[in-house]
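Asker: Structure below; questions to follow.
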Amino acid sequence: MTEIVVISGKGGTGKTSLTAAFAALAPAELVVADCDVDAADMHLLMQPVTVHSEPFFSGQEAFIDPLRCSNCGECEAVCRFDAILDGVDGMKIDPVACEGCGYCARVCPENAIVMSDAEVGTWQHSRTRMGSPMAHARLDIGADNSGKLVTQVRTEARKLAAEYKRDLILVDGPPGVGCPVVAALSGADYVVLVTEPTVSGIHDLRRVHELVRKFRIPCGCIINKYDLNPVKTDEIKTYLLEGGIDHLADLPYDTGFTTAMTLGRTIVETDQKHLVHTVENAWESIVHYSRSERETV
Amino acid sequence: MKIAFTATGNSLDATINARFGRTEYLLCYDTETKQLEGVDNGESVNAAHGAGPLAVQKLADLGADLLVTGNGPGEKAGSLLRNLGIKVYGGAEGLRVEEALAAFEADSLKEITL
C-alpha cells in the first residue's frame, strides 16, 4: 500500500484544492483521507455521503455533581482558565474554557467534581461523489486537532483501503510542523509539498521539509502561483535542487481555481485545459516517484 | 546491552512500526540474557499530544541503550532521547523484530542523528 501525504506548512498555498483535484483524477484507485481536521474542508469538494460515523474522545473534561457541591468556591479559586461559572443555580463548568487539567477535581473537598473523557467530535467513513472511500473527521467548535485524531483518520483510511482493495491512500495533511504533522508523516511513503513564491511560503516550506528530511521520506514539491514572484520562484527551485526534492510542477496563478471551487468542483473537472494538463502531469509524477522511490529506499 | 524496538505486536515475530510515539508496543531485547520484554504503548497511542515524550519515558523505564525503529522520533522525543544518550537506528519498518535485530547486529541500519 502506498500512502501519499500532501502538506504545505503555510496555509492558503492551494494544498487542499490540489489534493481534491488528484482525488478526482483517480477515484477508482485510491482512498481519500482528510487529516487537515482543524479546518476540514475537503468534503466541500468531495461531497461525500457518510456511511459510518463514530464519536471521537480526546482529553478530559470536568463535571460538577450539583448534589455534592457545597458551593465553597475552591475550584473557582484554583482554575487557571476561568472555566468555573458561579451561577445562581450553583457552580458549573464552562465546557469551552475547560482545558481538562483536573486541578478542580483534585482540590474539591466534597469530591463533587468528576473528570471524564471529552467527546470532541466524530470520525467518519464516507464515499465521495466520485466513488472513492474517504476517511475524515469533524471536530466540535473549540476542539483541537491532535496527533491522536490524525492517527485515527489514517488508520481508518488503511482499513478502507484493505476493504475496498485500493493500494493508494491520498492524505490531505494538517498545517504547521507540530504534533498533527508528525502523526501524519510517520510511516508515509511519499510527501507532496505545496508551496507558493512568498516569503512565508518559502519559510514554511523549509521548516516542514526539515521534518520530512528528518523522517527520511522521499518528497516532491509543487510551486503554486509560480508567476506571482519569479525571483522567489527561482529561490524555491534552487532550494529543491539543493535538497534533492523532486520538482513536480509549476502552476500559474489562475482565477479558474476559485471559480471551480465556488461551483464545488475540482480544477480537473473544468474546461481549463492547460491547468488540467499540468495537474494531470503532476499526479502522474507523484504516483511514479512514490512507487519507484519506495523500492529503492 | 538492551535494544528497544517499535513494534506492532509483543513478540520477536511482530513487525517494526515506522512510527515512534504512537507505536503499539515497545519491545526491549537484552543481548546478555536473551530475554525480550515488551510494554503496551496504548497510553501514548491514546494521548492527544505528547505521544513521543511518553514513549521515551517507557524506554527509560525499560533501561534501553538504543532504539531500532522506522522514521525516527519527532523533535521533542528526539531531544529527550539525545539527553538520555539513547542512540536511534532507523529504516527498519516492515521487518520482523527478529530480522531487525539481525540487521542491527550486521551493522546494516543507519543511525539517525538526533
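Ligands are numbered from 1 in the order shown, residues from 1 within each chain, and chains are lettered A, B, ... in the order they appear in the C-alpha cells.
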Please produce, as JSON lines, a per-residue contact table for chain B versus chain A (criterion: any atom at most 12 Å away, only C-alpha atoms considered), showing the nearest atom pair and its distance in Å to one decimal, sorted by chain then residue number.
Answerer:
```
{"residue": "B:Ile16", "atom": "CA", "partner": "A:Gly187", "partner_atom": "CA", "distance": 10.8}
{"residue": "B:Asn17", "atom": "CA", "partner": "A:Gly187", "partner_atom": "CA", "distance": 7.8}
{"residue": "B:Ala18", "atom": "CA", "partner": "A:Gly187", "partner_atom": "CA", "distance": 5.0}
{"residue": "B:Arg19", "atom": "CA", "partner": "A:Ser186", "partner_atom": "CA", "distance": 5.3}
{"residue": "B:Phe20", "atom": "CA", "partner": "A:Ser186", "partner_atom": "CA", "distance": 8.0}
{"residue": "B:Gly21", "atom": "CA", "partner": "A:Ala183", "partner_atom": "CA", "distance": 8.6}
{"residue": "B:Arg22", "atom": "CA", "partner": "A:Ala183", "partner_atom": "CA", "distance": 8.0}
{"residue": "B:Thr23", "atom": "CA", "partner": "A:Ser186", "partner_atom": "CA", "distance": 10.2}
{"residue": "B:Glu24", "atom": "CA", "partner": "A:Thr151", "partner_atom": "CA", "distance": 11.9}
{"residue": "B:Gly42", "atom": "CA", "partner": "A:Lys148", "partner_atom": "CA", "distance": 11.3}
{"residue": "B:Glu43", "atom": "CA", "partner": "A:Lys148", "partner_atom": "CA", "distance": 11.0}
{"residue": "B:Ser44", "atom": "CA", "partner": "A:Lys148", "partner_atom": "CA", "distance": 8.9}
{"residue": "B:Val45", "atom": "CA", "partner": "A:Lys148", "partner_atom": "CA", "distance": 6.8}
{"residue": "B:Asn46", "atom": "CA", "partner": "A:Lys148", "partner_atom": "CA", "distance": 6.2}
{"residue": "B:Ala47", "atom": "CA", "partner": "A:Lys148", "partner_atom": "CA", "distance": 6.3}
{"residue": "B:Ala48", "atom": "CA", "partner": "A:Lys148", "partner_atom": "CA", "distance": 5.0}
{"residue": "B:His49", "atom": "CA", "partner": "A:Gly147", "partner_atom": "CA", "distance": 6.3}
{"residue": "B:Gly50", "atom": "CA", "partner": "A:Cys179", "partner_atom": "CA", "distance": 7.7}
{"residue": "B:Ala51", "atom": "CA", "partner": "A:Gly147", "partner_atom": "CA", "distance": 8.1}
{"residue": "B:Gly52", "atom": "CA", "partner": "A:Cys179", "partner_atom": "CA", "distance": 9.1}
{"residue": "B:Pro53", "atom": "CA", "partner": "A:Cys179", "partner_atom": "CA", "distance": 11.4}
{"residue": "B:Thr69", "atom": "CA", "partner": "A:Gly187", "partner_atom": "CA", "distance": 10.7}
{"residue": "B:Gly70", "atom": "CA", "partner": "A:Gly187", "partner_atom": "CA", "distance": 7.5}
{"residue": "B:Asn71", "atom": "CA", "partner": "A:Phe215", "partner_atom": "CA", "distance": 4.6}
{"residue": "B:Gly72", "atom": "CA", "partner": "A:Phe215", "partner_atom": "CA", "distance": 6.1}
{"residue": "B:Pro73", "atom": "CA", "partner": "A:Phe215", "partner_atom": "CA", "distance": 8.0}
{"residue": "B:Gly74", "atom": "CA", "partner": "A:Val182", "partner_atom": "CA", "distance": 6.4}
{"residue": "B:Glu75", "atom": "CA", "partner": "A:Leu211", "partner_atom": "CA", "distance": 8.3}
{"residue": "B:Lys76", "atom": "CA", "partner": "A:Cys179", "partner_atom": "CA", "distance": 9.6}
{"residue": "B:Ala77", "atom": "CA", "partner": "A:Cys179", "partner_atom": "CA", "distance": 11.1}
{"residue": "B:Gly78", "atom": "CA", "partner": "A:Lys214", "partner_atom": "CA", "distance": 10.4}
{"residue": "B:Tyr89", "atom": "CA", "partner": "A:Phe215", "partner_atom": "CA", "distance": 11.7}
{"residue": "B:Gly90", "atom": "CA", "partner": "A:Phe215", "partner_atom": "CA", "distance": 8.9}
{"residue": "B:Gly91", "atom": "CA", "partner": "A:Val297", "partner_atom": "CA", "distance": 8.5}
{"residue": "B:Ala92", "atom": "CA", "partner": "A:Val297", "partner_atom": "CA", "distance": 10.8}
{"residue": "B:Glu93", "atom": "CA", "partner": "A:Gly187", "partner_atom": "CA", "distance": 8.1}
{"residue": "B:Gly94", "atom": "CA", "partner": "A:Gly187", "partner_atom": "CA", "distance": 9.9}
{"residue": "B:Lys110", "atom": "CA", "partner": "A:Arg216", "partner_atom": "CA", "distance": 11.0}
{"residue": "B:Glu111", "atom": "CA", "partner": "A:Lys214", "partner_atom": "CA", "distance": 11.7}
{"residue": "B:Ile112", "atom": "CA", "partner": "A:Lys214", "partner_atom": "CA", "distance": 8.2}
{"residue": "B:Thr113", "atom": "CA", "partner": "A:Lys214", "partner_atom": "CA", "distance": 8.5}
{"residue": "B:Leu114", "atom": "CA", "partner": "A:Lys214", "partner_atom": "CA", "distance": 8.7}
```
Asker: Could you find all residues in region 15-125 of chain A that DSSP calls strand (DSSP E or B) from the backbone, and write them as a PyMOL selection string?
Answerer: chain A and resi 30-34+49-64+84-87+90-93+113-125
Asker: Go through A:Gly244, A:Gly173, A:Pro197, A:Gly131 one by one, measure the shortest atom-to-atom distance of each to Ile223 (chain A) using only C-alpha atoms, and give the residue with the smallest value.
Answerer: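 Looking at the shortest contact to Ile223 (chain A), the residue is A:Pro197.
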Asker: Give me the residues near Thr31 (chain B) as a ChimeraX atom specification, where near means some atom within 10 Å (using only C-alpha atoms) and where sequence neighbours in that chain fewer than 6 positions away do not count.
Answerer: /B:1-3,101
Asker: Write a file of the just-selected residues containing C-alpha atoms, as a PDB file, in the first residue's frame.
Answerer:
```pdb
ATOM      1  CA  MET B   1      23.072  -4.169  26.141  1.00  0.00           C
ATOM      2  CA  LYS B   2      19.353  -3.527  25.847  1.00  0.00           C
ATOM      3  CA  ILE B   3      17.977  -2.896  22.353  1.00  0.00           C
ATOM      4  CA  LEU B 101      17.817  -7.321  15.400  1.00  0.00           C
TER       5      LEU B 101
END
```
Asker: For Pro252 (chain A), which residue among A:Thr13, A:Leu168, A:Ile84, A:Ala97 is the nearest when counting only C-alpha atoms?
Answerer: A:Thr13
Asker: Quick one: residues within 9 Å of Thr15 (chain B), only C-alpha atoms counted, chain neighbours fewer than 5 positions away excluded, as a ChimeraX atom specification?
Answerer: /B:6-9,93-98
Asker: May I have the residues from that selection written out with C-alpha atoms, as a JSON list (two decimals), in the first residue's frame?
Answerer:
```json
[["chain", "number", "residue", "atom", "x", "y", "z"],
["B", 6, "THR", "CA", 8.91, 0.00, 17.98],
["B", 7, "ALA", "CA", 6.62, -2.90, 17.09],
["B", 8, "THR", "CA", 3.04, -3.71, 16.16],
["B", 9, "GLY", "CA", 2.94, -6.73, 18.50],
["B", 93, "GLU", "CA", 10.00, -0.54, 9.26],
["B", 94, "GLY", "CA", 8.27, -3.60, 7.83],
["B", 95, "LEU", "CA", 10.94, -6.01, 9.08],
["B", 96, "ARG", "CA", 10.11, -8.53, 11.78],
["B", 97, "VAL", "CA", 11.73, -7.70, 15.15],
["B", 98, "GLU", "CA", 13.97, -10.74, 14.76]]
```
Asker: Run DSSP on the backbone and give me the residues of region 60-278 of chain A it puts in alpha helix (DSSP H), as number ranges by chain.
Answerer: A: 74-78, 103-107, 147-163, 179-185, 199-214, 230-243, 256-262, 273-278
Asker: Return the single residue from A:His277, A:His125, A:Lys10, A:Lys15 that is closest to Ala161 (chain A), with distances computed using only C-alpha atoms.
Answerer: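 So, comparing all the options, the nearest one is A:His125.
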Asker: Would you kindly return, as a PyMOL selection string, each protein, DNA or RNA residue with an atom no farther than 6 Å from any atom of region 135-141 of chain A, considering only C-alpha atoms and excluding same-chain residues fewer than 6 positions away?
Answerer: chain A and resi 33-34+120-125+153+157
Asker: Let me see the file: selected residues, N, CA and C atoms, as an mmCIF file, in the first residue's frame.
Answerer:
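After the write, selection_13.cif holds the following:
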```
data_model
loop_
_atom_site.group_PDB
_atom_site.id
_atom_site.type_symbol
_atom_site.label_atom_id
_atom_site.label_comp_id
_atom_site.auth_asym_id
_atom_site.auth_seq_id
_atom_site.Cartn_x
_atom_site.Cartn_y
_atom_site.Cartn_z
ATOM 1 N N ALA A 33 -8.094 10.590 2.496
ATOM 2 C CA ALA A 33 -8.120 10.821 3.942
ATOM 3 C C ALA A 33 -7.915 12.310 4.196
ATOM 4 N N ASP A 34 -8.846 12.939 4.868
ATOM 5 C CA ASP A 34 -8.678 14.351 5.216
ATOM 6 C C ASP A 34 -8.179 14.458 6.651
ATOM 7 N N VAL A 120 -15.096 15.184 21.572
ATOM 8 C CA VAL A 120 -14.786 16.455 20.910
ATOM 9 C C VAL A 120 -15.135 16.460 19.430
ATOM 10 N N GLY A 121 -15.720 15.367 18.949
ATOM 11 C CA GLY A 121 -16.090 15.346 17.531
ATOM 12 C C GLY A 121 -16.418 13.943 17.080
ATOM 13 N N THR A 122 -16.400 13.754 15.769
ATOM 14 C CA THR A 122 -16.688 12.427 15.213
ATOM 15 C C THR A 122 -15.687 12.131 14.099
ATOM 16 N N TRP A 123 -15.485 10.841 13.795
ATOM 17 C CA TRP A 123 -14.760 10.482 12.583
ATOM 18 C C TRP A 123 -15.678 9.616 11.735
ATOM 19 N N GLN A 124 -15.462 9.673 10.432
ATOM 20 C CA GLN A 124 -16.402 9.031 9.517
ATOM 21 C C GLN A 124 -15.748 8.197 8.424
ATOM 22 N N HIS A 125 -16.499 7.196 7.979
ATOM 23 C CA HIS A 125 -16.215 6.515 6.720
ATOM 24 C C HIS A 125 -17.252 7.039 5.743
ATOM 25 N N VAL A 153 -7.702 8.872 11.791
ATOM 26 C CA VAL A 153 -8.182 9.008 10.410
ATOM 27 C C VAL A 153 -7.313 8.177 9.458
ATOM 28 N N ALA A 157 -8.413 5.066 7.123
ATOM 29 C CA ALA A 157 -8.153 5.069 5.680
ATOM 30 C C ALA A 157 -7.497 3.751 5.268
#
```
